[in-house]
Amino acid sequence: MSATPATTSRRGPLPADRSTVADPAALVRGVSPVLAVPFTATGDIDPDGFRRVVRHVLGTGVSSVMFPGFASEFYKLAEHERRTLTEVLLAETGPRPDVAAIIAVQDHATRLAVTRAREAVTAGADLINLLPPHFLSPPRRALIDHVRAVLDAVAPTPVVLQYAPTETGTSLDSPTVAAIAAAHPNLRLVKVESSPPGRLIAELAALDPPLPSVEGYAGVHLPDAIRRGAVGTQPGCSFTEIYHEIWRRFSEGDHAGGEELHRRLLPYISYWMLDTELIVAAEKHISFRRGLIGSDLCRSPAHELDAEERRMIDRFLVEFRDLLPDLSG
């Protein structure tokens, strides 16, 4: 596949000047998928396959994407691999003012996080996603100082603060986030992945000025998050079309239809989200079955889908076949 960036959309030719994007944070609305990393059958990264993932996801009509996250197996990527894949993504989003690339920073050391965030902005990131340090449970003061240092380093580039207590054990509350945002106006959104996320989303939305939230955690609590003021959701990318349809129904006032489709999806995502490696493996297999990627390999250590889990994916693909076209052509 050619590395030439896409230069058109369904709305016609796109200007190459990124300065026409007055506020990239405003593009983080609706479904904002976290991009998966395809590996070859021998375990190498597949840049062409990743480009195909990026183009497919952007083609579903989303206005932002994030990379790398837990769904990208960021913790299994070498520095040069991460850099290569980031370059592929930014080559696709760079010419397009209608989409925003959110580049994630997960480094534990503040010095490294600051450096990575600055490099991402220099490379063309529209926003930074910041996962606070969590290894060996750093003191709360150190955690806050870390967040403030990255915000300072990339200002005025907008930042999404990721709160994922299940994966990290980190504890944040709305007064703490509000205090950080008051001193750092480039803290523009919070990705809330607590379970349930609704109360924190509502508290952040009630601030003056409001601090918008996107919901994560595979959309398990999506209807409640929407009711409480979430402006978007950040799931994995293997069935973006389903999340897009749920969001469309809610945004157009069809709450019953949105609830109904989410109820159909919930038995699958609630099981897969019992373990991070499980949902990574399930989403990889779904993307492979749909023809989006050439291999469903996850780098070891990984979750190995058993026979019943594969049958579950069989049922999923049958149930949602009207929303998930075959992509192998």
# chains A, B, ... in the order shown; residues from 1 in each chain; ligands from 1

$ closest_atom_pairs --of "segment 20-132 of chain A" --to "segment 265-276 of chain A" --cutoff "10 Å" --atoms "only C-alpha atoms" --output "CSV"
residue,atom,partner,partner_atom,distance
A:Phe70,CA,A:Thr276,CA,7.5
A:Ala71,CA,A:Thr276,CA,8.1
A:Glu73,CA,A:Thr276,CA,9.7

$ residues_around --residues "Ser251 of chain A" --least-positions-apart "3" --cutoff "12 Å" --atoms "only C-alpha atoms" --output "ChimeraX atom specification"
/A:29-31,223,226-227,229-232,244-248,254-258

$ write_last_selection --atoms "N, CA, C and O atoms" --output "PDB file, in the first residue's frame"
ATOM      1  N   ARG A  29     -14.662  14.364  19.635  1.00  0.00           N
ATOM      2  CA  ARG A  29     -16.081  14.243  19.909  1.00  0.00           C
ATOM      3  C   ARG A  29     -16.585  12.953  19.257  1.00  0.00           C
ATOM      4  O   ARG A  29     -16.040  12.497  18.256  1.00  0.00           O
ATOM      5  N   GLY A  30     -17.641  12.381  19.838  1.00  0.00           N
ATOM      6  CA  GLY A  30     -18.168  11.134  19.296  1.00  0.00           C
ATOM      7  C   GLY A  30     -17.199   9.984  19.529  1.00  0.00           C
ATOM      8  O   GLY A  30     -16.606   9.858  20.600  1.00  0.00           O
ATOM      9  N   VAL A  31     -17.019   9.148  18.527  1.00  0.00           N
ATOM     10  CA  VAL A  31     -16.159   7.968  18.646  1.00  0.00           C
ATOM     11  C   VAL A  31     -14.736   8.335  18.247  1.00  0.00           C
ATOM     12  O   VAL A  31     -14.497   8.844  17.158  1.00  0.00           O
ATOM     13  N   PRO A 223     -23.940   4.371  27.627  1.00  0.00           N
ATOM     14  CA  PRO A 223     -25.180   5.151  27.757  1.00  0.00           C
ATOM     15  C   PRO A 223     -25.200   6.044  28.996  1.00  0.00           C
ATOM     16  O   PRO A 223     -25.615   7.209  28.932  1.00  0.00           O
ATOM     17  N   ILE A 226     -22.955   9.042  28.405  1.00  0.00           N
ATOM     18  CA  ILE A 226     -23.581  10.038  27.537  1.00  0.00           C
ATOM     19  C   ILE A 226     -24.601  10.858  28.322  1.00  0.00           C
ATOM     20  O   ILE A 226     -24.643  12.094  28.229  1.00  0.00           O
ATOM     21  N   ARG A 227     -25.418  10.189  29.114  1.00  0.00           N
ATOM     22  CA  ARG A 227     -26.435  10.901  29.901  1.00  0.00           C
ATOM     23  C   ARG A 227     -25.807  11.889  30.875  1.00  0.00           C
ATOM     24  O   ARG A 227     -26.388  12.925  31.196  1.00  0.00           O
ATOM     25  N   GLY A 229     -22.985  13.536  30.378  1.00  0.00           N
ATOM     26  CA  GLY A 229     -22.282  14.640  29.744  1.00  0.00           C
ATOM     27  C   GLY A 229     -21.019  14.294  28.990  1.00  0.00           C
ATOM     28  O   GLY A 229     -20.313  15.207  28.537  1.00  0.00           O
ATOM     29  N   ALA A 230     -20.679  13.014  28.824  1.00  0.00           N
ATOM     30  CA  ALA A 230     -19.486  12.664  28.045  1.00  0.00           C
ATOM     31  C   ALA A 230     -19.630  13.178  26.620  1.00  0.00           C
ATOM     32  O   ALA A 230     -20.706  13.088  26.020  1.00  0.00           O
ATOM     33  N   VAL A 231     -18.533  13.708  26.075  1.00  0.00           N
ATOM     34  CA  VAL A 231     -18.571  14.231  24.701  1.00  0.00           C
ATOM     35  C   VAL A 231     -18.055  13.217  23.691  1.00  0.00           C
ATOM     36  O   VAL A 231     -18.100  13.463  22.485  1.00  0.00           O
ATOM     37  N   GLY A 232     -17.552  12.085  24.174  1.00  0.00           N
ATOM     38  CA  GLY A 232     -17.025  11.091  23.257  1.00  0.00           C
ATOM     39  C   GLY A 232     -16.709   9.792  23.971  1.00  0.00           C
ATOM     40  O   GLY A 232     -16.833   9.670  25.193  1.00  0.00           O
ATOM     41  N   HIS A 244     -20.019   3.858  16.468  1.00  0.00           N
ATOM     42  CA  HIS A 244     -20.465   5.006  15.689  1.00  0.00           C
ATOM     43  C   HIS A 244     -21.997   5.020  15.583  1.00  0.00           C
ATOM     44  O   HIS A 244     -22.627   6.084  15.707  1.00  0.00           O
ATOM     45  N   GLU A 245     -22.592   3.851  15.386  1.00  0.00           N
ATOM     46  CA  GLU A 245     -24.046   3.771  15.276  1.00  0.00           C
ATOM     47  C   GLU A 245     -24.721   4.042  16.620  1.00  0.00           C
ATOM     48  O   GLU A 245     -25.763   4.723  16.678  1.00  0.00           O
ATOM     49  N   ILE A 246     -24.147   3.535  17.704  1.00  0.00           N
ATOM     50  CA  ILE A 246     -24.702   3.835  19.027  1.00  0.00           C
ATOM     51  C   ILE A 246     -24.684   5.334  19.268  1.00  0.00           C
ATOM     52  O   ILE A 246     -25.677   5.933  19.698  1.00  0.00           O
ATOM     53  N   TRP A 247     -23.535   5.962  18.986  1.00  0.00           N
ATOM     54  CA  TRP A 247     -23.393   7.396  19.225  1.00  0.00           C
ATOM     55  C   TRP A 247     -24.350   8.186  18.337  1.00  0.00           C
ATOM     56  O   TRP A 247     -24.962   9.163  18.785  1.00  0.00           O
ATOM     57  N   ARG A 248     -24.501   7.756  17.083  1.00  0.00           N
ATOM     58  CA  ARG A 248     -25.394   8.460  16.166  1.00  0.00           C
ATOM     59  C   ARG A 248     -26.822   8.449  16.692  1.00  0.00           C
ATOM     60  O   ARG A 248     -27.516   9.475  16.666  1.00  0.00           O
ATOM     61  N   ASP A 254     -32.468   9.378  19.399  1.00  0.00           N
ATOM     62  CA  ASP A 254     -33.032   8.029  19.452  1.00  0.00           C
ATOM     63  C   ASP A 254     -32.390   7.273  20.621  1.00  0.00           C
ATOM     64  O   ASP A 254     -31.602   6.343  20.428  1.00  0.00           O
ATOM     65  N   HIS A 255     -32.737   7.672  21.827  1.00  0.00           N
ATOM     66  CA  HIS A 255     -32.122   7.072  23.006  1.00  0.00           C
ATOM     67  C   HIS A 255     -32.513   5.609  23.159  1.00  0.00           C
ATOM     68  O   HIS A 255     -31.686   4.781  23.568  1.00  0.00           O
ATOM     69  N   ALA A 256     -33.746   5.288  22.836  1.00  0.00           N
ATOM     70  CA  ALA A 256     -34.176   3.891  22.930  1.00  0.00           C
ATOM     71  C   ALA A 256     -33.384   3.023  21.965  1.00  0.00           C
ATOM     72  O   ALA A 256     -32.954   1.910  22.312  1.00  0.00           O
ATOM     73  N   GLY A 257     -33.153   3.531  20.744  1.00  0.00           N
ATOM     74  CA  GLY A 257     -32.364   2.775  19.776  1.00  0.00           C
ATOM     75  C   GLY A 257     -30.920   2.632  20.202  1.00  0.00           C
ATOM     76  O   GLY A 257     -30.305   1.568  20.019  1.00  0.00           O
ATOM     77  N   GLY A 258     -30.347   3.687  20.775  1.00  0.00           N
ATOM     78  CA  GLY A 258     -28.975   3.606  21.271  1.00  0.00           C
ATOM     79  C   GLY A 258     -28.850   2.616  22.414  1.00  0.00           C
ATOM     80  O   GLY A 258     -27.902   1.828  22.466  1.00  0.00           O
TER      81      GLY A 258
END

$ residues_around --residues "segment 80-82 of chain A" --least-positions-apart "2" --cutoff "12 Å" --atoms "only C-alpha atoms" --output "number ranges by chain"
A: 37-39, 43-47, 50, 67-69, 72-78, 84-89, 103-105, 116, 120

$ write_last_selection --atoms "C-alpha atoms" --output "compact mmCIF listing (two decimals), in the first residue's frame"
# COMPACT_ATOMS: atom_id res chain seq x y z
CA VAL A 37 -1.00 -2.48 15.97
CA PRO A 38 -0.96 -5.38 13.51
CA PHE A 39 2.01 -7.72 13.71
CA GLY A 43 5.91 -10.96 15.32
CA ASP A 44 7.28 -7.91 13.49
CA ILE A 45 5.27 -4.72 13.27
CA ASP A 46 3.37 -4.34 10.00
CA PRO A 47 3.53 -0.65 8.98
CA PHE A 50 -1.18 -0.26 10.32
CA PHE A 67 -2.22 6.00 19.39
CA PRO A 68 -0.69 4.16 21.17
CA GLY A 69 -2.93 2.97 23.99
CA SER A 72 -2.21 -0.77 20.73
CA GLU A 73 -0.10 -2.99 23.06
CA PHE A 74 2.09 0.07 23.66
CA TYR A 75 3.91 -1.75 26.44
CA LYS A 76 5.20 -4.31 23.90
CA LEU A 77 6.62 -1.86 21.35
CA ALA A 78 10.28 -0.93 20.96
CA THR A 84 7.71 4.26 12.84
CA LEU A 85 4.03 3.71 13.52
CA THR A 86 3.57 7.26 14.79
CA GLU A 87 5.08 8.53 11.54
CA VAL A 88 2.62 6.40 9.55
CA LEU A 89 -0.33 7.81 11.50
CA ILE A 103 -0.46 10.79 20.53
CA ALA A 104 -0.16 9.08 23.90
CA VAL A 105 2.56 9.46 26.51
CA ARG A 116 8.28 12.21 24.40
CA ALA A 120 5.21 14.16 19.45

$ select_by_dssp --residues "segment 123-264 of chain A" --states "strand (DSSP E)" --output "ChimeraX atom specification"
/A:127-130,159-163,187-192,213-215,232-233

$ closest_residue --among "A:Ala182, A:Leu278, A:Leu211, A:Leu327" --to "Gly294 of chain A" --atoms "only C-alpha atoms"
A:Leu327

$ select_by_dssp --residues "segment 18-228 of chain A" --states "alpha helix (DSSP H)" --output "ChimeraX atom specification"
/A:47-59,79-93,110-123,140-154,165-168,174-183,198-205,222-227

$ residues_around --residues "Gly329 of chain A" --least-positions-apart "5" --cutoff "12 Å" --atoms "only C-alpha atoms" --output "list in words"
Arg290, Gly291, Leu292 and Ile293 of chain A

$ residues_around --residues "Thr60 of chain A" --least-positions-apart "4" --cutoff "12 Å" --atoms "only C-alpha atoms" --output "MDAnalysis selection string"
chainID A and resid 9:10 30:33 53:56 64:65 99 237:245 323:325

$ write_last_selection --atoms "C-alpha atoms" --output "PDB file, in the first residue's frame"
ATOM      1  CA  SER A   9     -12.566  12.987   2.081  1.00  0.00           C
ATOM      2  CA  ARG A  10     -16.228  12.536   1.415  1.00  0.00           C
ATOM      3  CA  GLY A  30     -18.168  11.134  19.296  1.00  0.00           C
ATOM      4  CA  VAL A  31     -16.159   7.968  18.646  1.00  0.00           C
ATOM      5  CA  SER A  32     -12.385   8.410  18.954  1.00  0.00           C
ATOM      6  CA  PRO A  33     -10.864   4.932  18.442  1.00  0.00           C
ATOM      7  CA  VAL A  53      -6.082   0.265   9.903  1.00  0.00           C
ATOM      8  CA  VAL A  54      -5.657   4.046  10.067  1.00  0.00           C
ATOM      9  CA  ARG A  55      -7.319   4.599   6.694  1.00  0.00           C
ATOM     10  CA  HIS A  56     -10.199   2.276   7.482  1.00  0.00           C
ATOM     11  CA  SER A  64     -10.039  11.835  15.978  1.00  0.00           C
ATOM     12  CA  VAL A  65      -7.948   8.756  16.720  1.00  0.00           C
ATOM     13  CA  VAL A  99      -9.294  14.854  11.934  1.00  0.00           C
ATOM     14  CA  CYS A 237     -10.929   0.039  16.645  1.00  0.00           C
ATOM     15  CA  SER A 238     -11.993  -3.412  15.447  1.00  0.00           C
ATOM     16  CA  PHE A 239     -15.726  -2.603  15.380  1.00  0.00           C
ATOM     17  CA  THR A 240     -15.747   1.187  15.270  1.00  0.00           C
ATOM     18  CA  GLU A 241     -18.909   1.055  13.165  1.00  0.00           C
ATOM     19  CA  ILE A 242     -20.980  -0.298  16.077  1.00  0.00           C
ATOM     20  CA  TYR A 243     -19.878   2.464  18.445  1.00  0.00           C
ATOM     21  CA  HIS A 244     -20.465   5.006  15.689  1.00  0.00           C
ATOM     22  CA  GLU A 245     -24.046   3.771  15.276  1.00  0.00           C
ATOM     23  CA  LEU A 323     -22.829  -3.085  10.698  1.00  0.00           C
ATOM     24  CA  LEU A 324     -19.495  -4.815  10.068  1.00  0.00           C
ATOM     25  CA  PRO A 325     -18.771  -5.214   6.352  1.00  0.00           C
TER      26      PRO A 325
END

$ residues_around --residues "segment 121-133 of chain A" --least-positions-apart "5" --cutoff "6 Å" --atoms "only C-alpha atoms" --output "list in words"
Ala100, Ala101, Ile102, Ile103, Ala104, Val105, Gln106, His108, Pro158, Val159, Val160, Leu161 and Gln162 of chain A

$ write_last_selection --atoms "C-alpha atoms" --output "compact mmCIF listing (two decimals), in the first residue's frame"
# COMPACT_ATOMS: atom_id res chain seq x y z
CA ALA A 100 -7.04 15.05 14.98
CA ALA A 101 -4.22 12.67 15.92
CA ILE A 102 -3.91 12.12 19.67
CA ILE A 103 -0.46 10.79 20.53
CA ALA A 104 -0.16 9.08 23.90
CA VAL A 105 2.56 9.46 26.51
CA GLN A 106 2.84 6.74 29.16
CA HIS A 108 6.85 6.71 34.16
CA PRO A 158 -4.19 20.45 24.14
CA VAL A 159 -3.82 17.47 26.46
CA VAL A 160 -6.19 14.61 27.34
CA LEU A 161 -5.57 13.30 30.87
CA GLN A 162 -6.23 9.56 31.02

$ residues_around --residues "Asp152 of chain A" --least-positions-apart "4" --cutoff "9 Å" --atoms "only C-alpha atoms" --output "MDAnalysis selection string"
chainID A and resid 114 147:148 156 184 186

$ write_last_selection --atoms "C-alpha atoms" --output "mmCIF file, in the first residue's frame"
data_model
loop_
_atom_site.group_PDB
_atom_site.id
_atom_site.type_symbol
_atom_site.label_atom_id
_atom_site.label_comp_id
_atom_site.auth_asym_id
_atom_site.auth_seq_id
_atom_site.Cartn_x
_atom_site.Cartn_y
_atom_site.Cartn_z
ATOM 1 C CA VAL A 114 8.258 15.545 28.860
ATOM 2 C CA VAL A 147 1.103 15.876 34.990
ATOM 3 C CA ARG A 148 1.849 19.577 35.437
ATOM 4 C CA PRO A 156 -0.569 25.422 24.271
ATOM 5 C CA HIS A 184 -2.987 24.717 32.892
ATOM 6 C CA ASN A 186 -4.258 23.223 27.807
#

$ closest_residue --among "A:Asp322, A:Asp296, A:Glu92, A:Glu309" --to "Ala36 of chain A" --atoms "only C-alpha atoms"
A:Asp296
